[in-house]
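Reviewing the structure listed below.
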Amino acid sequence: AKFDSRYFGANRSKALRLTYEDSPEFCFVSRIESKIIGYIMCYEADTGYRIGPWVCTPSYPRTAKELFSKCIETVEDYAKLFVGVPALNDAAIKLLQNLDFKLYSKSIRMHFGKKLESQNMRGIFAIGGAEKG
């Protein structure tokens, strides 16, 4: 949750814990020694699987790809996968386009109070859903 709060600007420990408790087999973390550099979570939805949140230190794009690969290896073959990618994260967009993901829809990100810095958005590779962040 502490790592996540650097990017989302809030303590989301309850939401992260609930997602993990619902689907621990689809949750992965990457560390260098004891320092977290990225994580990814996935859960089964009515129409397939929803990937996110997926957060990685921007200076470790290879780790972001490794986390994504590990996550999609665990879902059913030929399952539909949905990923909500922030438009400011060019690395995430490029990675998913290279894997033949297609744009399904767009959404507007809104905020209340202090706006998150755009450099923080480069670490957010996917949100869990508009209702979760």
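The way I read the labels, and the way they are meant: chains A, B, ... in the order of the structure tokens, residue 1 as the first residue of every chain, and ligand 1 as the first ligand shown, with later ones counted on from there.
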
Task: Polymer residues at most 9 Å from stretch 15-18 of chain A, only C-alpha atoms, same-chain spacing of 5 or more positions, as a PyMOL selection string - done: chain A and resi 1+23+41+53+132

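Residues in contact with A:Gly48 at 8 Å, where only C-alpha atoms are counted and same-chain residues fewer than 2 positions away are skipped, are listed as A:Glu44, A:Ala45, A:Asp46, A:Arg50, A:Ala79, A:Lys80, A:Leu81, A:Phe82.
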
- [ ] Record the distance separating atom CA of A:Cys71 and atom CA of A:Glu21, expressed in Å with one decimal.
- [x]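 Computing it gives 15.9 Å between the two atoms.
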
Task: Backbone-only DSSP, alpha helix (DSSP H) members of stretch 23-122 of chain A, as a PyMOL selection string - done: chain A and resi 61-74+90-98+118-121

- [ ] Write out as a ChimeraX atom specification the residues lying within 12 Å of A:Lys35, counting only C-alpha atoms and excluding same-chain residues fewer than 2 positions away.
- [x] /A:2-3,29-33,37-39,56-57

Open item on the list: Under the rule that only C-alpha atoms are counted, which of A:Lys70, A:Tyr43, A:Ile36, A:Tyr49 is the nearest residue to A:Thr19?
Closed with: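 Closest to A:Thr19 of all the choices is A:Tyr43.
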
List the neighbours of stretch 86-90 of chain A out to 7 Å using only C-alpha atoms; skip same-chain residues closer than 2 positions along the sequence, and give me the result as a JSON list (two decimals) with C-alpha atoms, in the first residue's frame.
```
[["chain", "number", "residue", "atom", "x", "y", "z"],
["A", 84, "GLY", "CA", -7.64, 0.23, -18.05],
["A", 92, "ALA", "CA", 2.01, 0.73, -21.01],
["A", 93, "ILE", "CA", 0.24, 1.67, -24.23],
["A", 94, "LYS", "CA", 3.20, 0.58, -26.36],
["A", 121, "MET", "CA", 1.01, 8.44, -13.96],
["A", 122, "ARG", "CA", 3.98, 6.88, -15.76],
["A", 125, "PHE", "CA", 0.27, 0.80, -16.02],
["A", 126, "ALA", "CA", -3.37, -0.05, -15.30]]
```

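Proximity ranking of A:Tyr20, A:Tyr78, A:Tyr104, A:Tyr7 relative to A:Val55 places A:Tyr7 first, based on only C-alpha atoms.
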
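Comparing A:Cys42, A:Leu95, A:Leu103, A:Val85 by their smallest distance to A:Glu66, the closest is A:Leu95 (using only C-alpha atoms).
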
TODO: Return as a PyMOL selection string the full set of residues in chain A whose backbone-based DSSP assignment is strand (DSSP E or B).
DONE: chain A and resi 28-32+35-45+48-56+81-84+124-127

TODO: Measure the distance from atom CA of A:Leu99 to atom CA of A:Pro61 in Å and round it to one decimal.
DONE: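 We find that atom CA of A:Leu99 and atom CA of A:Pro61 lie 14.7 Å from each other.
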
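Minimum atom-to-atom distances from A:Ile72, A:Leu96, A:Ala91, A:Leu67 to A:Trp54 were compared using only C-alpha atoms, and the lowest value belongs to A:Leu67.
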